[in-house]
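K.L.:
Next comes the structure file protein02.txt, holding compact mmCIF, N, CA and C atoms.
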```txt
# COMPACT_ATOMS: atom_id res chain seq x y z
N MET G 217 4.57 24.44 -23.26
CA MET G 217 4.84 23.09 -22.75
C MET G 217 3.55 22.33 -22.49
N GLY G 218 2.49 23.07 -22.11
CA GLY G 218 1.22 22.42 -21.84
C GLY G 218 0.63 21.73 -23.06
N ILE G 219 0.79 22.36 -24.23
CA ILE G 219 0.28 21.75 -25.45
C ILE G 219 1.05 20.48 -25.78
N VAL G 220 2.36 20.54 -25.65
CA VAL G 220 3.20 19.35 -25.91
C VAL G 220 2.80 18.23 -24.95
N ALA G 221 2.62 18.55 -23.69
CA ALA G 221 2.23 17.54 -22.70
C ALA G 221 0.90 16.92 -23.07
N ASN G 222 -0.08 17.74 -23.45
CA ASN G 222 -1.39 17.22 -23.80
C ASN G 222 -1.35 16.36 -25.06
N VAL G 223 -0.54 16.76 -26.03
CA VAL G 223 -0.39 15.94 -27.24
C VAL G 223 0.22 14.59 -26.89
N LEU G 224 1.25 14.59 -26.05
CA LEU G 224 1.88 13.32 -25.65
C LEU G 224 0.89 12.44 -24.88
N VAL G 225 0.11 13.03 -23.99
CA VAL G 225 -0.91 12.26 -23.26
C VAL G 225 -1.92 11.68 -24.25
N GLY G 226 -2.34 12.49 -25.22
CA GLY G 226 -3.28 12.00 -26.23
C GLY G 226 -2.71 10.85 -27.05
N LEU G 227 -1.43 10.94 -27.38
CA LEU G 227 -0.79 9.85 -28.13
C LEU G 227 -0.70 8.57 -27.30
N VAL G 228 -0.39 8.70 -26.03
CA VAL G 228 -0.35 7.51 -25.15
C VAL G 228 -1.75 6.92 -25.02
N ALA G 229 -2.76 7.77 -24.90
CA ALA G 229 -4.15 7.28 -24.84
C ALA G 229 -4.51 6.55 -26.13
N ALA G 230 -4.13 7.11 -27.28
CA ALA G 230 -4.42 6.46 -28.56
C ALA G 230 -3.69 5.13 -28.68
N LEU G 231 -2.46 5.08 -28.20
CA LEU G 231 -1.70 3.83 -28.21
C LEU G 231 -2.43 2.75 -27.42
N HIS G 232 -2.93 3.11 -26.26
CA HIS G 232 -3.61 2.13 -25.43
C HIS G 232 -4.98 1.76 -25.98
N ALA G 233 -5.63 2.68 -26.67
CA ALA G 233 -6.88 2.33 -27.36
C ALA G 233 -6.58 1.34 -28.49
N TYR G 234 -5.48 1.55 -29.20
CA TYR G 234 -5.06 0.61 -30.25
C TYR G 234 -4.76 -0.76 -29.66
N ILE G 235 -4.06 -0.79 -28.54
CA ILE G 235 -3.75 -2.06 -27.89
C ILE G 235 -5.04 -2.76 -27.48
N LEU G 236 -6.03 -2.02 -27.00
CA LEU G 236 -7.33 -2.60 -26.67
C LEU G 236 -7.90 -3.31 -27.88
N VAL G 237 -7.95 -2.63 -29.02
CA VAL G 237 -8.51 -3.22 -30.24
C VAL G 237 -7.70 -4.45 -30.65
N LEU G 238 -6.40 -4.33 -30.63
CA LEU G 238 -5.53 -5.44 -31.01
C LEU G 238 -5.76 -6.67 -30.13
N GLU G 239 -5.80 -6.47 -28.82
CA GLU G 239 -5.89 -7.60 -27.90
C GLU G 239 -7.32 -8.13 -27.75
N MET G 240 -8.30 -7.28 -27.89
CA MET G 240 -9.68 -7.74 -27.69
C MET G 240 -10.34 -8.24 -28.98
N PHE G 241 -9.99 -7.65 -30.11
CA PHE G 241 -10.73 -7.94 -31.33
C PHE G 241 -9.88 -8.52 -32.47
N LEU G 242 -8.60 -8.31 -32.45
CA LEU G 242 -7.75 -8.76 -33.55
C LEU G 242 -6.75 -9.84 -33.13
N TRP G 243 -6.86 -10.34 -31.93
CA TRP G 243 -5.86 -11.27 -31.40
C TRP G 243 -5.72 -12.53 -32.25
N GLU G 244 -6.82 -13.06 -32.75
CA GLU G 244 -6.76 -14.29 -33.53
C GLU G 244 -6.57 -14.02 -35.03
N LYS G 245 -6.54 -12.77 -35.40
CA LYS G 245 -6.31 -12.41 -36.79
C LYS G 245 -4.83 -12.08 -36.98
N LYS G 246 -4.44 -11.82 -38.21
CA LYS G 246 -3.03 -11.61 -38.53
C LYS G 246 -2.34 -10.53 -37.68
N PRO G 247 -2.95 -9.35 -37.46
CA PRO G 247 -2.23 -8.34 -36.65
C PRO G 247 -1.94 -8.81 -35.22
N GLY G 248 -2.89 -9.46 -34.60
CA GLY G 248 -2.70 -9.95 -33.24
C GLY G 248 -1.70 -11.09 -33.17
N ARG G 249 -1.84 -12.04 -34.08
CA ARG G 249 -0.91 -13.18 -34.08
C ARG G 249 0.51 -12.73 -34.40
N GLY G 250 0.63 -11.76 -35.29
CA GLY G 250 1.95 -11.29 -35.69
C GLY G 250 2.68 -10.57 -34.58
N LEU G 251 1.93 -10.01 -33.63
CA LEU G 251 2.56 -9.29 -32.53
C LEU G 251 3.51 -10.17 -31.74
N HIS G 252 3.11 -11.40 -31.51
CA HIS G 252 3.94 -12.33 -30.73
C HIS G 252 4.39 -13.54 -31.54
N GLY G 253 4.01 -13.60 -32.81
CA GLY G 253 4.40 -14.74 -33.64
C GLY G 253 3.61 -16.00 -33.32
N PHE G 254 2.40 -15.84 -32.80
CA PHE G 254 1.56 -16.99 -32.45
C PHE G 254 0.94 -17.60 -33.70
N GLY G 255 0.81 -18.92 -33.68
CA GLY G 255 0.02 -19.61 -34.69
C GLY G 255 -1.44 -19.52 -34.31
N PRO G 256 -2.32 -19.97 -35.20
CA PRO G 256 -3.77 -19.88 -34.93
C PRO G 256 -4.21 -20.60 -33.65
N GLU G 257 -3.63 -21.76 -33.38
CA GLU G 257 -4.04 -22.51 -32.18
C GLU G 257 -3.65 -21.80 -30.89
N LEU G 258 -2.44 -21.31 -30.83
CA LEU G 258 -2.00 -20.61 -29.62
C LEU G 258 -2.75 -19.29 -29.46
N ALA G 259 -3.02 -18.61 -30.56
CA ALA G 259 -3.80 -17.37 -30.48
C ALA G 259 -5.20 -17.66 -29.94
N ARG G 260 -5.81 -18.73 -30.41
CA ARG G 260 -7.14 -19.11 -29.93
C ARG G 260 -7.11 -19.46 -28.44
N ALA G 261 -6.08 -20.16 -28.03
CA ALA G 261 -5.97 -20.58 -26.62
C ALA G 261 -5.71 -19.39 -25.69
N THR G 262 -5.02 -18.39 -26.18
CA THR G 262 -4.67 -17.25 -25.33
C THR G 262 -5.60 -16.05 -25.52
N ALA G 263 -6.59 -16.17 -26.39
CA ALA G 263 -7.49 -15.04 -26.68
C ALA G 263 -8.19 -14.50 -25.43
N PRO G 264 -8.69 -15.35 -24.52
CA PRO G 264 -9.32 -14.77 -23.32
C PRO G 264 -8.35 -13.96 -22.46
N LEU G 265 -7.11 -14.41 -22.35
CA LEU G 265 -6.11 -13.66 -21.60
C LEU G 265 -5.80 -12.32 -22.28
N ALA G 266 -5.68 -12.35 -23.60
CA ALA G 266 -5.41 -11.13 -24.34
C ALA G 266 -6.56 -10.14 -24.22
N ALA G 267 -7.80 -10.66 -24.26
CA ALA G 267 -8.96 -9.77 -24.13
C ALA G 267 -8.97 -9.09 -22.76
N ASN G 268 -8.59 -9.83 -21.74
CA ASN G 268 -8.51 -9.25 -20.40
C ASN G 268 -7.47 -8.14 -20.35
N GLN G 269 -6.30 -8.39 -20.95
CA GLN G 269 -5.26 -7.36 -21.02
C GLN G 269 -5.75 -6.16 -21.81
N GLY G 270 -6.46 -6.42 -22.89
CA GLY G 270 -6.98 -5.33 -23.71
C GLY G 270 -7.93 -4.44 -22.94
N LEU G 271 -8.77 -5.06 -22.13
CA LEU G 271 -9.71 -4.30 -21.31
C LEU G 271 -8.97 -3.36 -20.37
N TYR G 272 -7.91 -3.85 -19.74
CA TYR G 272 -7.11 -3.00 -18.85
C TYR G 272 -6.47 -1.85 -19.62
N ASN G 273 -6.00 -2.12 -20.83
CA ASN G 273 -5.44 -1.04 -21.63
C ASN G 273 -6.51 -0.01 -21.98
N GLY G 274 -7.73 -0.47 -22.18
CA GLY G 274 -8.83 0.46 -22.42
C GLY G 274 -9.09 1.35 -21.22
N PHE G 275 -8.99 0.79 -20.03
CA PHE G 275 -9.15 1.60 -18.82
C PHE G 275 -8.07 2.68 -18.73
N LEU G 276 -6.84 2.32 -19.10
CA LEU G 276 -5.75 3.31 -19.10
C LEU G 276 -6.06 4.42 -20.10
N ALA G 277 -6.50 4.05 -21.29
CA ALA G 277 -6.84 5.06 -22.30
C ALA G 277 -7.97 5.96 -21.81
N ALA G 278 -9.00 5.37 -21.23
CA ALA G 278 -10.14 6.15 -20.74
C ALA G 278 -9.70 7.11 -19.62
N GLY G 279 -8.85 6.65 -18.74
CA GLY G 279 -8.36 7.50 -17.66
C GLY G 279 -7.54 8.67 -18.19
N LEU G 280 -6.75 8.42 -19.22
CA LEU G 280 -5.95 9.50 -19.80
C LEU G 280 -6.84 10.52 -20.52
N VAL G 281 -7.86 10.04 -21.20
CA VAL G 281 -8.80 10.97 -21.86
C VAL G 281 -9.53 11.79 -20.79
N TRP G 282 -9.94 11.13 -19.72
CA TRP G 282 -10.57 11.86 -18.61
C TRP G 282 -9.62 12.95 -18.09
N GLY G 283 -8.35 12.60 -17.93
CA GLY G 283 -7.37 13.56 -17.46
C GLY G 283 -7.21 14.76 -18.40
N LEU G 284 -7.36 14.50 -19.70
CA LEU G 284 -7.27 15.60 -20.67
C LEU G 284 -8.52 16.49 -20.64
N LEU G 285 -9.67 15.90 -20.35
CA LEU G 285 -10.92 16.64 -20.40
C LEU G 285 -11.27 17.33 -19.08
N ALA G 286 -10.84 16.77 -17.98
CA ALA G 286 -11.20 17.33 -16.67
C ALA G 286 -10.38 18.59 -16.38
N ALA G 287 -11.02 19.51 -15.68
CA ALA G 287 -10.31 20.73 -15.26
C ALA G 287 -9.31 20.38 -14.16
N ASP G 288 -8.26 21.17 -14.08
CA ASP G 288 -7.29 20.98 -12.99
C ASP G 288 -7.91 21.45 -11.68
N PRO G 289 -7.59 20.88 -10.57
CA PRO G 289 -6.50 19.95 -10.33
C PRO G 289 -6.86 18.49 -10.61
N THR G 290 -8.14 18.19 -10.85
CA THR G 290 -8.55 16.80 -11.11
C THR G 290 -7.87 16.26 -12.36
N GLY G 291 -7.86 17.04 -13.43
CA GLY G 291 -7.25 16.59 -14.68
C GLY G 291 -5.78 16.30 -14.52
N PHE G 292 -5.07 17.19 -13.84
CA PHE G 292 -3.64 16.97 -13.61
C PHE G 292 -3.42 15.68 -12.81
N GLY G 293 -4.19 15.51 -11.75
CA GLY G 293 -4.06 14.30 -10.93
C GLY G 293 -4.36 13.04 -11.72
N ALA G 294 -5.38 13.08 -12.56
CA ALA G 294 -5.74 11.91 -13.36
C ALA G 294 -4.62 11.61 -14.37
N ARG G 295 -4.10 12.63 -15.02
CA ARG G 295 -3.01 12.41 -15.98
C ARG G 295 -1.79 11.79 -15.30
N VAL G 296 -1.42 12.34 -14.16
CA VAL G 296 -0.25 11.81 -13.44
C VAL G 296 -0.50 10.37 -12.99
N PHE G 297 -1.68 10.11 -12.43
CA PHE G 297 -1.98 8.76 -11.95
C PHE G 297 -1.96 7.75 -13.08
N PHE G 298 -2.71 8.03 -14.16
CA PHE G 298 -2.81 7.04 -15.23
C PHE G 298 -1.52 6.89 -16.02
N LEU G 299 -0.76 7.96 -16.18
CA LEU G 299 0.55 7.82 -16.82
C LEU G 299 1.50 7.03 -15.94
N SER G 300 1.42 7.21 -14.63
CA SER G 300 2.23 6.40 -13.72
C SER G 300 1.86 4.93 -13.85
N CYS G 301 0.58 4.65 -13.96
CA CYS G 301 0.13 3.26 -14.17
C CYS G 301 0.69 2.70 -15.47
N VAL G 302 0.69 3.51 -16.53
CA VAL G 302 1.25 3.08 -17.81
C VAL G 302 2.72 2.73 -17.66
N VAL G 303 3.47 3.58 -16.98
CA VAL G 303 4.90 3.34 -16.80
C VAL G 303 5.14 2.07 -15.99
N VAL G 304 4.43 1.92 -14.89
CA VAL G 304 4.61 0.73 -14.04
C VAL G 304 4.23 -0.53 -14.82
N ALA G 305 3.11 -0.50 -15.54
CA ALA G 305 2.70 -1.66 -16.32
C ALA G 305 3.73 -1.97 -17.41
N GLY G 306 4.28 -0.93 -18.02
CA GLY G 306 5.28 -1.14 -19.05
C GLY G 306 6.57 -1.74 -18.52
N VAL G 307 7.02 -1.26 -17.39
CA VAL G 307 8.23 -1.82 -16.77
C VAL G 307 7.98 -3.27 -16.35
N PHE G 308 6.83 -3.52 -15.73
CA PHE G 308 6.51 -4.89 -15.32
C PHE G 308 6.43 -5.81 -16.53
N GLY G 309 5.76 -5.34 -17.58
CA GLY G 309 5.66 -6.16 -18.79
C GLY G 309 7.02 -6.44 -19.41
N ALA G 310 7.90 -5.46 -19.38
CA ALA G 310 9.25 -5.65 -19.92
C ALA G 310 10.03 -6.67 -19.11
N LEU G 311 9.84 -6.66 -17.80
CA LEU G 311 10.56 -7.59 -16.94
C LEU G 311 10.00 -9.01 -17.00
N THR G 312 8.70 -9.13 -17.24
CA THR G 312 8.06 -10.45 -17.14
C THR G 312 7.63 -11.05 -18.47
N ALA G 313 7.47 -10.24 -19.50
CA ALA G 313 6.92 -10.77 -20.75
C ALA G 313 7.84 -10.52 -21.95
N ASN G 314 8.12 -9.26 -22.25
CA ASN G 314 8.88 -8.94 -23.46
C ASN G 314 9.53 -7.57 -23.29
N ARG G 315 10.82 -7.50 -23.53
CA ARG G 315 11.55 -6.24 -23.36
C ARG G 315 11.05 -5.11 -24.26
N ARG G 316 10.46 -5.47 -25.38
CA ARG G 316 9.94 -4.44 -26.29
C ARG G 316 8.91 -3.56 -25.61
N ILE G 317 8.21 -4.10 -24.61
CA ILE G 317 7.17 -3.34 -23.92
C ILE G 317 7.77 -2.11 -23.23
N LEU G 318 9.02 -2.20 -22.83
CA LEU G 318 9.67 -1.05 -22.20
C LEU G 318 9.69 0.15 -23.16
N PHE G 319 9.95 -0.12 -24.42
CA PHE G 319 10.04 0.97 -25.41
C PHE G 319 8.68 1.32 -26.01
N ALA G 320 7.80 0.34 -26.11
CA ALA G 320 6.49 0.57 -26.73
C ALA G 320 5.48 1.18 -25.76
N GLN G 321 5.64 0.93 -24.46
CA GLN G 321 4.65 1.38 -23.49
C GLN G 321 5.26 2.28 -22.41
N ALA G 322 6.29 1.80 -21.73
CA ALA G 322 6.84 2.55 -20.59
C ALA G 322 7.50 3.85 -21.03
N LEU G 323 8.29 3.81 -22.09
CA LEU G 323 8.99 5.02 -22.53
C LEU G 323 8.03 6.13 -22.96
N PRO G 324 7.04 5.84 -23.82
CA PRO G 324 6.09 6.92 -24.15
C PRO G 324 5.35 7.45 -22.92
N GLY G 325 4.98 6.55 -22.02
CA GLY G 325 4.31 6.99 -20.79
C GLY G 325 5.21 7.86 -19.93
N ALA G 326 6.48 7.50 -19.83
CA ALA G 326 7.42 8.28 -19.03
C ALA G 326 7.67 9.66 -19.65
N LEU G 327 7.77 9.71 -20.97
CA LEU G 327 7.96 11.00 -21.64
C LEU G 327 6.75 11.91 -21.43
N ALA G 328 5.55 11.32 -21.57
CA ALA G 328 4.33 12.11 -21.35
C ALA G 328 4.22 12.55 -19.90
N LEU G 329 4.54 11.67 -18.97
CA LEU G 329 4.49 12.02 -17.54
C LEU G 329 5.46 13.15 -17.22
N THR G 330 6.66 13.07 -17.76
CA THR G 330 7.64 14.13 -17.55
C THR G 330 7.13 15.46 -18.09
N ALA G 331 6.55 15.41 -19.28
CA ALA G 331 6.03 16.65 -19.88
C ALA G 331 4.89 17.23 -19.06
N VAL G 332 4.00 16.36 -18.56
CA VAL G 332 2.87 16.83 -17.74
C VAL G 332 3.37 17.50 -16.47
N VAL G 333 4.32 16.88 -15.80
CA VAL G 333 4.84 17.42 -14.55
C VAL G 333 5.55 18.76 -14.81
N PHE G 334 6.36 18.84 -15.85
CA PHE G 334 7.08 20.09 -16.13
C PHE G 334 6.17 21.17 -16.66
N ALA G 335 5.04 20.82 -17.25
CA ALA G 335 4.09 21.81 -17.76
C ALA G 335 3.29 22.44 -16.64
N ARG G 336 3.29 21.83 -15.49
CA ARG G 336 2.52 22.31 -14.35
C ARG G 336 3.05 23.62 -13.96
```
Just dump the structure as structure tokens.
P.N.:
Amino acid sequence: MGIVANVLVGLVAALHAYILVLEMFLWEKKPGRGLHGFGPELARATAPLAANQGLYNGFLAAGLVWGLLAADPTGFGARVFFLSCVVVAGVFGALTANRRILFAQALPGALALTAVVFAR
């Protein structure tokens, strides 16, 4: 179960690293604009907000990688904390921005969190 939990944590970290790249560097290009259906003008106007969101997603990814690399009990605590942050951010995003975030962010985080707790 520990291997499955670590793989899931790694996948969630990779997802958030991808979101960082998308929001910080590709927001005004086709992949970023296509995410929300923005035209070039709206993408340009919202780019600073997206970059800020991307930075936060990078912090989540970094925390999850730290949790994978650190020895327990620190690693376990970091994984639980940062996965909890992912789930809370995903639920909040689903309630306030777009329901897809529940499935794209909160659900993978919740599955990984469940696996981490049960692998303990």
K.L.:
Compare G:Ala328, G:Val307, G:Val225, G:Leu236 by their minimum atom-to-atom distance to Leu280 (chain G), counting all atoms listed in the file, and give me the closest one.
P.N.:
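Between G:Ala328, G:Val307, G:Val225, G:Leu236, the residue approaching Leu280 (chain G) most closely is G:Val225.
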K.L.:
Would you please extract all alpha helix (DSSP H) residues from chain G, as assigned by DSSP on the backbone, and give them as a PyMOL selection string?
P.N.:
chain G and resi 218-241+246-252+256-285+290-312+316-317+323-335
K.L.:
For a quick check of understanding, using all atoms listed in the file, which of G:Gly253, G:Gly226, G:Pro289, G:Gly218 has the smallest distance to Ala331 (chain G)?
P.N.:
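Between G:Gly253, G:Gly226, G:Pro289, G:Gly218, the residue approaching Ala331 (chain G) most closely is G:Gly218.
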K.L.:
Would you mind reading off the distance between atom C of Pro247 (chain G) and CA of Trp282 (chain G), one decimal, in Å?
P.N.:
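Straight-line distance from atom C of Pro247 (chain G) to CA of Trp282 (chain G) works out to 27.9 Å.
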K.L.:
Box for region 275-286 of chain G: with edges along x, y and z, all listed atoms inside and 3 Å added on each side, what are the centre and edge lengths in Å to one decimal, as JSON?
P.N.:
```
{"center_x": -8.5, "center_y": 9.7, "center_z": -19.3, "size_x": 11.5, "size_y": 23.8, "size_z": 11.9}
```
K.L.:
Export region 231-267 of chain G, N, CA and C atoms, as a CSV table (one decimal), in the first residue's frame; it's the structure right above.
P.N.:
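Once everything was written out, this is selection-v3.csv:
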```csv
chain,number,residue,atom,x,y,z
G,231,LEU,N,0.7,16.7,-11.3
G,231,LEU,CA,-0.4,17.5,-11.7
G,231,LEU,C,-0.3,19.0,-11.3
G,232,HIS,N,0.1,19.2,-10.1
G,232,HIS,CA,0.3,20.6,-9.7
G,232,HIS,C,1.5,21.3,-10.3
G,233,ALA,N,2.5,20.6,-10.6
G,233,ALA,CA,3.6,21.1,-11.4
G,233,ALA,C,3.1,21.5,-12.8
G,234,TYR,N,2.3,20.7,-13.4
G,234,TYR,CA,1.7,21.0,-14.7
G,234,TYR,C,0.9,22.2,-14.6
G,235,ILE,N,0.1,22.3,-13.6
G,235,ILE,CA,-0.8,23.5,-13.4
G,235,ILE,C,0.0,24.7,-13.3
G,236,LEU,N,1.2,24.6,-12.6
G,236,LEU,CA,2.1,25.8,-12.4
G,236,LEU,C,2.5,26.2,-13.8
G,237,VAL,N,3.0,25.3,-14.7
G,237,VAL,CA,3.5,25.7,-16.0
G,237,VAL,C,2.3,26.3,-16.8
G,238,LEU,N,1.2,25.6,-16.8
G,238,LEU,CA,0.0,26.1,-17.5
G,238,LEU,C,-0.4,27.6,-17.1
G,239,GLU,N,-0.5,27.8,-15.8
G,239,GLU,CA,-0.9,29.1,-15.3
G,239,GLU,C,0.2,30.2,-15.4
G,240,MET,N,1.4,29.8,-15.2
G,240,MET,CA,2.5,30.8,-15.2
G,240,MET,C,3.1,31.1,-16.5
G,241,PHE,N,3.1,30.1,-17.4
G,241,PHE,CA,3.9,30.3,-18.6
G,241,PHE,C,3.1,30.1,-19.9
G,242,LEU,N,2.0,29.4,-19.8
G,242,LEU,CA,1.2,29.1,-21.0
G,242,LEU,C,-0.2,29.7,-21.0
G,243,TRP,N,-0.5,30.6,-20.1
G,243,TRP,CA,-1.8,31.2,-19.9
G,243,TRP,C,-2.3,31.9,-21.1
G,244,GLU,N,-1.4,32.7,-21.8
G,244,GLU,CA,-1.8,33.4,-22.9
G,244,GLU,C,-1.7,32.7,-24.2
G,245,LYS,N,-1.2,31.5,-24.2
G,245,LYS,CA,-1.0,30.6,-25.3
G,245,LYS,C,-2.2,29.7,-25.4
G,246,LYS,N,-2.3,28.9,-26.5
G,246,LYS,CA,-3.5,28.1,-26.7
G,246,LYS,C,-3.8,27.1,-25.6
G,247,PRO,N,-2.9,26.4,-24.9
G,247,PRO,CA,-3.3,25.5,-23.8
G,247,PRO,C,-3.9,26.3,-22.7
G,248,GLY,N,-3.4,27.4,-22.3
G,248,GLY,CA,-3.9,28.2,-21.2
G,248,GLY,C,-5.3,28.8,-21.5
G,249,ARG,N,-5.4,29.4,-22.7
G,249,ARG,CA,-6.7,30.0,-23.1
G,249,ARG,C,-7.7,28.9,-23.3
G,250,GLY,N,-7.4,27.7,-23.8
G,250,GLY,CA,-8.3,26.7,-24.0
G,250,GLY,C,-8.9,26.1,-22.7
G,251,LEU,N,-8.1,26.2,-21.6
G,251,LEU,CA,-8.6,25.7,-20.4
G,251,LEU,C,-9.9,26.3,-19.9
G,252,HIS,N,-10.1,27.6,-20.1
G,252,HIS,CA,-11.3,28.3,-19.7
G,252,HIS,C,-12.0,28.9,-20.9
G,253,GLY,N,-11.5,28.7,-22.1
G,253,GLY,CA,-12.2,29.3,-23.3
G,253,GLY,C,-12.0,30.8,-23.4
G,254,PHE,N,-10.9,31.3,-22.9
G,254,PHE,CA,-10.6,32.7,-22.9
G,254,PHE,C,-10.1,33.1,-24.3
G,255,GLY,N,-10.4,34.3,-24.8
G,255,GLY,CA,-9.8,34.9,-25.9
G,255,GLY,C,-8.5,35.6,-25.5
G,256,PRO,N,-7.7,36.0,-26.5
G,256,PRO,CA,-6.4,36.6,-26.2
G,256,PRO,C,-6.5,37.8,-25.3
G,257,GLU,N,-7.5,38.7,-25.4
G,257,GLU,CA,-7.6,39.8,-24.5
G,257,GLU,C,-7.9,39.5,-23.1
G,258,LEU,N,-8.8,38.6,-22.9
G,258,LEU,CA,-9.1,38.2,-21.5
G,258,LEU,C,-8.0,37.4,-20.9
G,259,ALA,N,-7.3,36.6,-21.7
G,259,ALA,CA,-6.1,35.9,-21.2
G,259,ALA,C,-5.0,36.8,-20.8
G,260,ARG,N,-4.8,37.9,-21.6
G,260,ARG,CA,-3.8,38.9,-21.2
G,260,ARG,C,-4.2,39.6,-19.9
G,261,ALA,N,-5.5,39.9,-19.8
G,261,ALA,CA,-5.9,40.7,-18.6
G,261,ALA,C,-5.8,39.9,-17.4
G,262,THR,N,-6.0,38.6,-17.5
G,262,THR,CA,-6.1,37.7,-16.3
G,262,THR,C,-4.7,37.0,-16.0
G,263,ALA,N,-3.7,37.2,-16.9
G,263,ALA,CA,-2.4,36.5,-16.8
G,263,ALA,C,-1.8,36.7,-15.4
G,264,PRO,N,-1.8,38.0,-14.8
G,264,PRO,CA,-1.2,38.1,-13.5
G,264,PRO,C,-1.9,37.3,-12.4
G,265,LEU,N,-3.2,37.2,-12.5
G,265,LEU,CA,-3.9,36.4,-11.5
G,265,LEU,C,-3.6,34.9,-11.7
G,266,ALA,N,-3.5,34.5,-13.0
G,266,ALA,CA,-3.2,33.1,-13.2
G,266,ALA,C,-1.8,32.7,-12.8
G,267,ALA,N,-0.9,33.6,-13.0
G,267,ALA,CA,0.5,33.4,-12.5
G,267,ALA,C,0.6,33.2,-11.0
```
